[in-house]
Amino acid sequence: MANAIRALAMDAVEQAKSGHPGLPMGAADIATVLFTRFLRFDPADPVWPDRDRFVLSAGHGSMLIYALLHLLGYEGMTLDQLKRFRQLGSITAGHPEYGHAPGVETTTGPLGQGLGNAVGMAIAERHLAAVFGSEVVDHATYVLASDGDLMEGISQEAIALAGHLKLSKLVVLFDDNGISIDGPLTLADSVDQVKRFEAAGWAATRIDGHDPQAIAAVLEKAKSSDRPSLIACRTTIGFGAPTKAGSEKSHGSALGAEEIAGARQALGWSHGPFEIPADIRDAWRNAGERGKLAHQAWSHRLAALSPETRAEFERRMRGDIARDKLGAAVRAVKDKLAATPQDVATRVASQFALDTLVPALPEMIGGSADLTGSNNTRPKGMAALTAADPTGRFIHYGVREHGMAAAMNGMALHGGVVPYSGTFLVFSDYCRPAIRLAALMGRRVIHVMTHDSIGLGEDGPTHQPVEHLAALRAIPNLMVFRPCDAAETVECWELALAAKTTPSILALTRQNLPQLRLGPNETNRCVAGAYEIASAAGEAKVSIFASGSEVAIAVEACKLLAQHAITARVVSVPCFELFLALPDDVRRAVIGRAPVKVAVEAAIRQGWDAIIGSDGVFVGMTGFGASAPYQDLYRHFGITAEAVAQAALTKLDER
Ligand SMILES: Cc1ncc(C[n+]2csc(CCOP(=O)(O)OP(=O)(O)O)c2C)c(N)n1
């Protein structure tokens, strides 16, 4: 059965003249034992909520999972798809992509991310089991990880968090083949992985990864572990290839006809390309049927829940936010803000919003990378999610931004929870690879990123983001919100929570801001991404566009221009992505016809030309910030109402 995986991997890579045969050939025995005897799943329902999760963290070995899904009878994973490995329009993409092929739990390829996702999946499982009961939530998360996965820094964050939370249903099968692209691992690494995982609180063992009995024995043992398990499986990369096995030559390119012929002989596999003999196909199909009974039994247990609990479980697994509850919570916060306006930092406004949203929406799981008091992501009374009490909803991720972002992706992929977290905006760089994958996969994760500009003041340029807004806005399918006051903050939260297939960043200030939106219970104005927050008395000569903390500056500049008898208006731009997605005519109407367009944002200009044009005036940053009280910094870098008004006047004069 393992040789069927090997043969399909060799053949598909050969046909595509591209791909990675080494890993599937080396890990075929591990995968065969896992999928035929341990993993609980049902090919007829790839999204059965209580299935065990399998994450191929070493995504370059994609043919391993495609071969498995084909052999197990997943609909759509046909022989033809294997023959069209890595071709346009096939579901057998170069690296496994979530949403393309059934049975692929997460998009992997950037090494280490899958392992980070798996930690999040195991957290979600643990939490939901505690909330809904182990009759309906009781599954394991298995990961196949390579040397590359374990060399990546993110793996340390992931395993430390998993060990700390005692995620005992997380099992990492390490494809310990001692080879990476450059050659033997000894060129670059001498870590004892077993000791490393043990130090992080895992149970760790080393076995022969080509010995099915040994593999089965440790997998059995892992089931009753009180800690997460690492199984270092010593394997031979490209197992069976006569000259390339055990060498980097089998890692990432087609083996070639001669080598494949030799491998067929060595493996005793006499069948033609893409040919699977009936008995082996049947054995695999039977393995695919194994989970049916468990699935049925689970369905009965689900049906036995009270109708309310069952409906709630199903709603959460579908990822449907209760719109009435979200709407009511947002209205309640806005009513309070209308009654008693708050001149607070948007991070504090975010806490106001969370104080109401978190009790209303039980799927929200918060957290922070050791900046809880700064990010304001923990509402009063929100208990911590710990090894001892997984019903808690706040995760102390530790100083592990990358691991946090990857775990959040895993939680969102698992379903049943909506993760949000906190760190400083400048450290979005530490999360970026995971944020990019959330966007690529279309998963709802919400990153609260505070201290969003030079407005954070004294901590200085190391902590002051200047290019980060532009860099994040460059990621497709990611919404970057930068609300200007308390009212916009709650509206941006509403939009982020409602965006089922788009991750969001909430860029929030450290410094206090005036509440500009004073109207009672208005509809969500941020939904357009940009809107007129201060209108001109008559036809505007100047339009000023701003986001976040600079909107108040723009409003002041508008008043100064009025003193010069210049009519001006202000457009608040809380979200570029929503605005730029509007139809042309709607967008143009918001941009308006004023001859002078000015944008102000305490960040670099990049991106703003889409709104103000290359002829527009930009008031913002051109380099790094500095360490000083923030009012001094705004004056020093010329981001003031006076500077904005003067820039507009100068431009008007030039015309
Ligand atoms: C973050 C990241 N860096 C680099 C790569 C490119 N890459 C793909 S596989 C690999 C290493 C291969 O070694 P290993 O992980 O041991 O896989 P094996 O050779 O056993 O298949 C590298 C560097 C990547 N996919 N992701």
# chains A, B, ... in the order shown; residues from 1 in each chain; ligands from 1
$ residues_around --residues "Ile505 of chain A" --least-positions-apart "3" --cutoff "7 Å" --atoms "only C-alpha atoms" --output "PyMOL selection string"
chain A and resi 446-449+479-481
$ write_last_selection --atoms "N, CA, C and O atoms" --output "mmCIF file, in the first residue's frame"
data_model
loop_
_atom_site.group_PDB
_atom_site.id
_atom_site.type_symbol
_atom_site.label_atom_id
_atom_site.label_comp_id
_atom_site.auth_asym_id
_atom_site.auth_seq_id
_atom_site.Cartn_x
_atom_site.Cartn_y
_atom_site.Cartn_z
ATOM 1 N N ILE A 446 -8.580 38.113 13.181
ATOM 2 C CA ILE A 446 -8.589 39.562 13.411
ATOM 3 C C ILE A 446 -7.401 39.930 14.288
ATOM 4 O O ILE A 446 -7.287 39.461 15.427
ATOM 5 N N HIS A 447 -6.523 40.746 13.735
ATOM 6 C CA HIS A 447 -5.333 41.165 14.476
ATOM 7 C C HIS A 447 -5.511 42.596 14.964
ATOM 8 O O HIS A 447 -5.611 43.514 14.152
ATOM 9 N N VAL A 448 -5.568 42.743 16.271
ATOM 10 C CA VAL A 448 -5.579 44.084 16.848
ATOM 11 C C VAL A 448 -4.120 44.518 16.944
ATOM 12 O O VAL A 448 -3.319 43.864 17.621
ATOM 13 N N MET A 449 -3.772 45.592 16.236
ATOM 14 C CA MET A 449 -2.375 46.041 16.234
ATOM 15 C C MET A 449 -2.320 47.499 16.660
ATOM 16 O O MET A 449 -2.676 48.396 15.902
ATOM 17 N N MET A 479 -8.033 43.105 4.963
ATOM 18 C CA MET A 479 -8.567 44.439 5.238
ATOM 19 C C MET A 479 -7.760 45.088 6.347
ATOM 20 O O MET A 479 -7.583 44.512 7.422
ATOM 21 N N VAL A 480 -7.243 46.274 6.055
ATOM 22 C CA VAL A 480 -6.481 47.029 7.044
ATOM 23 C C VAL A 480 -7.362 48.195 7.486
ATOM 24 O O VAL A 480 -7.623 49.102 6.708
ATOM 25 N N PHE A 481 -7.854 48.112 8.711
ATOM 26 C CA PHE A 481 -8.724 49.166 9.238
ATOM 27 C C PHE A 481 -7.895 50.121 10.090
ATOM 28 O O PHE A 481 -7.085 49.682 10.913
#
$ residues_around --residues "His468 of chain A" --least-positions-apart "6" --cutoff "8 Å" --atoms "only C-alpha atoms" --output "list in words"
Leu425, Val426, Ser428 and Asp429 of chain A
$ residues_around --residues "Met364 of chain A" --least-positions-apart "5" --cutoff "8 Å" --atoms "only C-alpha atoms" --output "ChimeraX atom specification"
/A:358,393,417-420
$ write_last_selection --atoms "all heavy atoms" --output "PDB file, in the first residue's frame"
ATOM      1  N   VAL A 358     -17.553  40.564  23.177  1.00  0.00           N
ATOM      2  CA  VAL A 358     -17.084  39.251  23.648  1.00  0.00           C
ATOM      3  C   VAL A 358     -18.177  38.478  24.400  1.00  0.00           C
ATOM      4  O   VAL A 358     -18.394  37.291  24.130  1.00  0.00           O
ATOM      5  CB  VAL A 358     -15.773  39.397  24.460  1.00  0.00           C
ATOM      6  CG1 VAL A 358     -15.475  38.155  25.280  1.00  0.00           C
ATOM      7  CG2 VAL A 358     -14.610  39.700  23.513  1.00  0.00           C
ATOM      8  N   ARG A 393     -11.316  31.937  27.334  1.00  0.00           N
ATOM      9  CA  ARG A 393     -11.355  32.446  25.956  1.00  0.00           C
ATOM     10  C   ARG A 393     -10.255  33.455  25.658  1.00  0.00           C
ATOM     11  O   ARG A 393     -10.265  34.075  24.602  1.00  0.00           O
ATOM     12  CB  ARG A 393     -12.732  33.051  25.690  1.00  0.00           C
ATOM     13  CG  ARG A 393     -13.841  31.998  25.666  1.00  0.00           C
ATOM     14  CD  ARG A 393     -15.213  32.637  25.682  1.00  0.00           C
ATOM     15  NE  ARG A 393     -15.394  33.559  24.579  1.00  0.00           N
ATOM     16  CZ  ARG A 393     -16.351  34.482  24.521  1.00  0.00           C
ATOM     17  NH1 ARG A 393     -17.212  34.593  25.521  1.00  0.00           N
ATOM     18  NH2 ARG A 393     -16.449  35.291  23.487  1.00  0.00           N
ATOM     19  N   VAL A 417     -14.600  28.770  16.144  1.00  0.00           N
ATOM     20  CA  VAL A 417     -14.074  29.906  16.900  1.00  0.00           C
ATOM     21  C   VAL A 417     -13.653  31.014  15.928  1.00  0.00           C
ATOM     22  O   VAL A 417     -13.337  30.742  14.776  1.00  0.00           O
ATOM     23  CB  VAL A 417     -12.850  29.512  17.774  1.00  0.00           C
ATOM     24  CG1 VAL A 417     -13.241  28.529  18.862  1.00  0.00           C
ATOM     25  CG2 VAL A 417     -11.734  28.928  16.920  1.00  0.00           C
ATOM     26  N   VAL A 418     -13.681  32.242  16.420  1.00  0.00           N
ATOM     27  CA  VAL A 418     -13.173  33.384  15.639  1.00  0.00           C
ATOM     28  C   VAL A 418     -12.038  34.003  16.447  1.00  0.00           C
ATOM     29  O   VAL A 418     -12.276  34.665  17.459  1.00  0.00           O
ATOM     30  CB  VAL A 418     -14.285  34.429  15.379  1.00  0.00           C
ATOM     31  CG1 VAL A 418     -13.709  35.658  14.687  1.00  0.00           C
ATOM     32  CG2 VAL A 418     -15.398  33.821  14.536  1.00  0.00           C
ATOM     33  N   PRO A 419     -10.800  33.746  16.035  1.00  0.00           N
ATOM     34  CA  PRO A 419      -9.680  34.236  16.835  1.00  0.00           C
ATOM     35  C   PRO A 419      -9.363  35.708  16.569  1.00  0.00           C
ATOM     36  O   PRO A 419      -9.402  36.170  15.436  1.00  0.00           O
ATOM     37  CB  PRO A 419      -8.513  33.360  16.368  1.00  0.00           C
ATOM     38  CG  PRO A 419      -8.878  32.948  14.982  1.00  0.00           C
ATOM     39  CD  PRO A 419     -10.368  32.919  14.895  1.00  0.00           C
ATOM     40  N   TYR A 420      -9.085  36.422  17.654  1.00  0.00           N
ATOM     41  CA  TYR A 420      -8.523  37.770  17.518  1.00  0.00           C
ATOM     42  C   TYR A 420      -7.375  37.866  18.513  1.00  0.00           C
ATOM     43  O   TYR A 420      -7.312  37.099  19.479  1.00  0.00           O
ATOM     44  CB  TYR A 420      -9.589  38.851  17.749  1.00  0.00           C
ATOM     45  CG  TYR A 420      -9.984  39.052  19.193  1.00  0.00           C
ATOM     46  CD1 TYR A 420      -9.287  39.956  20.006  1.00  0.00           C
ATOM     47  CD2 TYR A 420     -11.035  38.345  19.757  1.00  0.00           C
ATOM     48  CE1 TYR A 420      -9.645  40.144  21.345  1.00  0.00           C
ATOM     49  CE2 TYR A 420     -11.391  38.526  21.083  1.00  0.00           C
ATOM     50  CZ  TYR A 420     -10.691  39.419  21.876  1.00  0.00           C
ATOM     51  OH  TYR A 420     -11.042  39.588  23.191  1.00  0.00           O
TER      52      TYR A 420
END
$ closest_atom_pairs --of "chain A" --to "ligand 1" --cutoff "6 Å" --atoms "only C-alpha atoms and all ligand atoms" --output "tab-separated table"
residue	atom	partner	partner_atom_place_in_ligand_line	distance
A:Gly22	CA	ligand 1	21 (O)	5.7
A:Leu23	CA	ligand 1	21 (O)	4.5
A:His60	CA	ligand 1	9 (S)	5.9
A:Gly109	CA	ligand 1	25 (N)	4.9
A:Pro110	CA	ligand 1	26 (N)	3.6
A:Leu111	CA	ligand 1	26 (N)	4.0
A:Ser146	CA	ligand 1	15 (O)	4.3
A:Asp147	CA	ligand 1	16 (O)	3.8
A:Gly148	CA	ligand 1	15 (O)	3.2
A:Asp149	CA	ligand 1	15 (O)	5.8
A:Asn177	CA	ligand 1	20 (O)	5.8
A:Ile179	CA	ligand 1	19 (O)	5.1
A:Ser180	CA	ligand 1	13 (O)	3.2
A:Ile181	CA	ligand 1	12 (C)	4.9
A:His251	CA	ligand 1	19 (O)	4.9
$ select_by_dssp --residues "segment 56-285 of chain A" --states "alpha helix (DSSP H)" --output "VMD selection string"
chain A and resid 62 to 72 79 to 83 113 to 132 147 to 151 153 to 164 193 to 199 212 to 223 257 to 267 278 to 285
$ residues_around --residues "Ala540 of chain A" --least-positions-apart "6" --cutoff "10 Å" --atoms "only C-alpha atoms" --output "list in words"
Ile566, Thr567, Ala568, Arg569, Val570, Gly592, Arg593, Ala594, Pro595 and Val596 of chain A
$ residues_around --residues "Tyr66 of chain A" --least-positions-apart "5" --cutoff "10 Å" --atoms "only C-alpha atoms" --output "PyMOL selection string"
chain A and resi 5+8-9+12+24+61+71-72+74+77-79+81-82+85+91-93+96+101-104
$ write_last_selection --atoms "N, CA and C atoms" --output "JSON list (two decimals), in the first residue's frame"
[["chain", "number", "residue", "atom", "x", "y", "z"],
["A", 5, "ILE", "N", 1.63, 4.76, -2.95],
["A", 5, "ILE", "CA", 1.91, 6.20, -2.77],
["A", 5, "ILE", "C", 3.20, 6.57, -3.50],
["A", 8, "LEU", "N", 2.73, 6.58, -7.34],
["A", 8, "LEU", "CA", 1.94, 7.74, -7.81],
["A", 8, "LEU", "C", 2.76, 9.02, -7.72],
["A", 9, "ALA", "N", 3.52, 9.16, -6.65],
["A", 9, "ALA", "CA", 4.33, 10.37, -6.48],
["A", 9, "ALA", "C", 5.40, 10.46, -7.57],
["A", 12, "ALA", "N", 3.58, 11.15, -11.00],
["A", 12, "ALA", "CA", 2.99, 12.48, -11.17],
["A", 12, "ALA", "C", 4.08, 13.54, -11.33],
["A", 24, "PRO", "N", 7.31, 12.15, -0.30],
["A", 24, "PRO", "CA", 6.26, 11.12, -0.33],
["A", 24, "PRO", "C", 6.82, 9.70, -0.35],
["A", 61, "GLY", "N", 5.90, 18.27, -0.17],
["A", 61, "GLY", "CA", 5.61, 16.85, -0.41],
["A", 61, "GLY", "C", 4.15, 16.63, -0.79],
["A", 71, "LEU", "N", -6.25, 7.53, -3.31],
["A", 71, "LEU", "CA", -6.39, 6.11, -2.97],
["A", 71, "LEU", "C", -7.54, 5.88, -1.99],
["A", 72, "LEU", "N", -7.79, 6.84, -1.14],
["A", 72, "LEU", "CA", -8.85, 6.68, -0.13],
["A", 72, "LEU", "C", -10.24, 6.97, -0.68],
["A", 74, "TYR", "N", -11.45, 10.06, -2.07],
["A", 74, "TYR", "CA", -12.04, 11.41, -1.96],
["A", 74, "TYR", "C", -12.55, 11.83, -3.33],
["A", 77, "MET", "N", -10.64, 13.82, -6.37],
["A", 77, "MET", "CA", -9.20, 13.56, -6.49],
["A", 77, "MET", "C", -9.01, 12.33, -7.39],
["A", 78, "THR", "N", -9.25, 12.56, -8.66],
["A", 78, "THR", "CA", -9.24, 11.48, -9.64],
["A", 78, "THR", "C", -7.82, 11.22, -10.13],
["A", 79, "LEU", "N", -7.69, 10.11, -10.84],
["A", 79, "LEU", "CA", -6.40, 9.79, -11.44],
["A", 79, "LEU", "C", -6.00, 10.90, -12.42],
["A", 81, "GLN", "N", -6.64, 14.01, -12.13],
["A", 81, "GLN", "CA", -6.06, 15.13, -11.38],
["A", 81, "GLN", "C", -4.59, 14.85, -11.05],
["A", 82, "LEU", "N", -4.29, 13.61, -10.71],
["A", 82, "LEU", "CA", -2.89, 13.28, -10.42],
["A", 82, "LEU", "C", -2.04, 13.43, -11.68],
["A", 85, "PHE", "N", -1.00, 17.01, -12.20],
["A", 85, "PHE", "CA", -0.30, 17.60, -11.05],
["A", 85, "PHE", "C", 0.39, 18.89, -11.47],
["A", 91, "ILE", "N", -6.79, 20.49, -9.28],
["A", 91, "ILE", "CA", -6.85, 20.69, -7.82],
["A", 91, "ILE", "C", -5.56, 20.21, -7.16],
["A", 92, "THR", "N", -4.66, 19.69, -7.99],
["A", 92, "THR", "CA", -3.38, 19.19, -7.47],
["A", 92, "THR", "C", -2.29, 20.26, -7.64],
["A", 93, "ALA", "N", -2.49, 21.36, -6.92],
["A", 93, "ALA", "CA", -1.55, 22.48, -7.02],
["A", 93, "ALA", "C", -0.16, 22.07, -6.52],
["A", 96, "PRO", "N", -0.10, 22.06, -1.35],
["A", 96, "PRO", "CA", -1.53, 21.86, -1.02],
["A", 96, "PRO", "C", -2.20, 23.19, -0.69],
["A", 101, "ALA", "N", -8.63, 21.37, -2.83],
["A", 101, "ALA", "CA", -8.84, 19.93, -2.83],
["A", 101, "ALA", "C", -9.50, 19.52, -1.51],
["A", 102, "PRO", "N", -10.52, 18.67, -1.58],
["A", 102, "PRO", "CA", -11.13, 18.20, -0.34],
["A", 102, "PRO", "C", -10.08, 17.42, 0.45],
["A", 103, "GLY", "N", -10.10, 17.54, 1.75],
["A", 103, "GLY", "CA", -9.14, 16.78, 2.56],
["A", 103, "GLY", "C", -7.86, 17.56, 2.83],
["A", 104, "VAL", "N", -7.69, 18.69, 2.19],
["A", 104, "VAL", "CA", -6.53, 19.53, 2.48],
["A", 104, "VAL", "C", -6.97, 20.53, 3.55]]
$ residues_around --residues "Ala610 of chain A" --least-positions-apart "5" --cutoff "12 Å" --atoms "only C-alpha atoms" --output "list in words"
Phe545, Phe576, Glu577, Phe579, Leu580, Ala581, Asp584, Arg587, Arg588, Ile591, Lys597, Ala599, Arg605, Asp615 and Gly616 of chain A
$ residues_around --residues "Ala241 of chain A" --least-positions-apart "6" --cutoff "9 Å" --atoms "only C-alpha atoms" --output "NGL selection string"
:A and (22 or 25 or 250 or 255 or 259-264 or 266-267)
$ atom_distance --atom1 "atom CA of Gly548 of chain A" --atom2 "atom CA of Ile454 of chain A"
12.4 Å
$ atom_distance --atom1 "atom CA of Pro379 of chain A" --atom2 "atom CA of Gly442 of chain A"
27.1 Å
$ atom_distance --atom1 "atom CA of Thr205 of chain A" --atom2 "atom CA of Ser225 of chain A"
12.2 Å
$ closest_atom_pairs --of "segment 164-251 of chain A" --to "segment 126-129 of chain A" --cutoff "12 Å" --atoms "only C-alpha atoms" --output "CSV"
residue,atom,partner,partner_atom,distance
A:Leu165,CA,A:Arg126,CA,9.8
A:Lys166,CA,A:Arg126,CA,10.0
A:Leu167,CA,A:Arg126,CA,7.6
A:Ser168,CA,A:Arg126,CA,9.3
A:Lys169,CA,A:Arg126,CA,8.5
A:Leu170,CA,A:Arg126,CA,10.3
$ select_by_dssp --residues "segment 506-564 of chain A" --states "strand (DSSP E or B)" --output "PyMOL selection string"
chain A and resi 506-507+531-534+542-546
$ decode --residues "segment 8-19 of chain A" --atoms "all heavy atoms" --output "tab-separated table (two decimals), in the first residue's frame"
chain	number	residue	atom	x	y	z
A	8	LEU	N	2.73	6.58	-7.34
A	8	LEU	CA	1.94	7.74	-7.81
A	8	LEU	C	2.76	9.02	-7.72
A	8	LEU	O	2.70	9.89	-8.60
A	8	LEU	CB	0.64	7.87	-7.02
A	8	LEU	CG	-0.43	6.80	-7.31
A	8	LEU	CD1	-1.60	6.94	-6.34
A	8	LEU	CD2	-0.91	6.89	-8.77
A	9	ALA	N	3.52	9.16	-6.65
A	9	ALA	CA	4.33	10.37	-6.48
A	9	ALA	C	5.40	10.46	-7.57
A	9	ALA	O	5.57	11.50	-8.20
A	9	ALA	CB	4.97	10.38	-5.09
A	10	MET	N	6.08	9.35	-7.81
A	10	MET	CA	7.12	9.35	-8.86
A	10	MET	C	6.50	9.69	-10.21
A	10	MET	O	7.03	10.49	-10.96
A	10	MET	CB	7.74	7.94	-9.01
A	10	MET	CG	8.65	7.52	-7.91
A	10	MET	SD	9.57	6.02	-8.39
A	10	MET	CE	8.32	4.76	-8.50
A	11	ASP	N	5.36	9.04	-10.49
A	11	ASP	CA	4.75	9.19	-11.81
A	11	ASP	C	4.22	10.60	-12.03
A	11	ASP	O	4.38	11.18	-13.11
A	11	ASP	CB	3.61	8.18	-11.99
A	11	ASP	CG	4.14	6.74	-12.03
A	11	ASP	OD1	5.36	6.56	-12.25
A	11	ASP	OD2	3.34	5.81	-11.83
A	12	ALA	N	3.58	11.15	-11.00
A	12	ALA	CA	2.99	12.48	-11.17
A	12	ALA	C	4.08	13.54	-11.33
A	12	ALA	O	3.97	14.44	-12.16
A	12	ALA	CB	2.09	12.81	-9.98
A	13	VAL	N	5.13	13.41	-10.53
A	13	VAL	CA	6.22	14.39	-10.63
A	13	VAL	C	6.91	14.25	-12.00
A	13	VAL	O	7.27	15.25	-12.64
A	13	VAL	CB	7.22	14.21	-9.47
A	13	VAL	CG1	8.45	15.08	-9.66
A	13	VAL	CG2	6.56	14.52	-8.12
A	14	GLU	N	7.04	13.01	-12.44
A	14	GLU	CA	7.67	12.78	-13.74
A	14	GLU	C	6.84	13.40	-14.85
A	14	GLU	O	7.36	14.07	-15.75
A	14	GLU	CB	7.82	11.26	-13.96
A	14	GLU	CG	8.69	10.87	-15.14
A	14	GLU	CD	10.15	11.29	-14.98
A	14	GLU	OE1	10.58	11.55	-13.84
A	14	GLU	OE2	10.85	11.38	-16.02
A	15	GLN	N	5.53	13.18	-14.77
A	15	GLN	CA	4.63	13.72	-15.80
A	15	GLN	C	4.68	15.25	-15.83
A	15	GLN	O	4.70	15.87	-16.87
A	15	GLN	CB	3.20	13.26	-15.49
A	15	GLN	CG	2.15	13.86	-16.37
A	15	GLN	CD	1.47	12.80	-17.23
A	15	GLN	OE1	2.04	11.72	-17.46
A	15	GLN	NE2	0.29	13.08	-17.69
A	16	ALA	N	4.71	15.85	-14.63
A	16	ALA	CA	4.73	17.32	-14.54
A	16	ALA	C	6.13	17.86	-14.83
A	16	ALA	O	6.30	19.06	-15.06
A	16	ALA	CB	4.28	17.76	-13.16
A	17	LYS	N	7.11	16.98	-14.79
A	17	LYS	CA	8.52	17.39	-14.88
A	17	LYS	C	8.84	18.43	-13.81
A	17	LYS	O	9.65	19.34	-14.00
A	17	LYS	CB	8.85	17.95	-16.28
A	17	LYS	CG	8.80	16.91	-17.38
A	17	LYS	CD	10.13	16.13	-17.45
A	17	LYS	CE	10.11	15.02	-18.48
A	17	LYS	NZ	9.54	13.75	-17.98
A	18	SER	N	8.16	18.31	-12.68
A	18	SER	CA	8.32	19.28	-11.60
A	18	SER	C	7.65	18.73	-10.34
A	18	SER	O	6.62	18.07	-10.43
A	18	SER	CB	7.68	20.59	-12.05
A	18	SER	OG	7.07	21.28	-11.02
A	19	GLY	N	8.26	19.01	-9.21
A	19	GLY	CA	7.67	18.54	-7.95
A	19	GLY	C	8.70	17.85	-7.08
A	19	GLY	O	9.90	17.87	-7.38
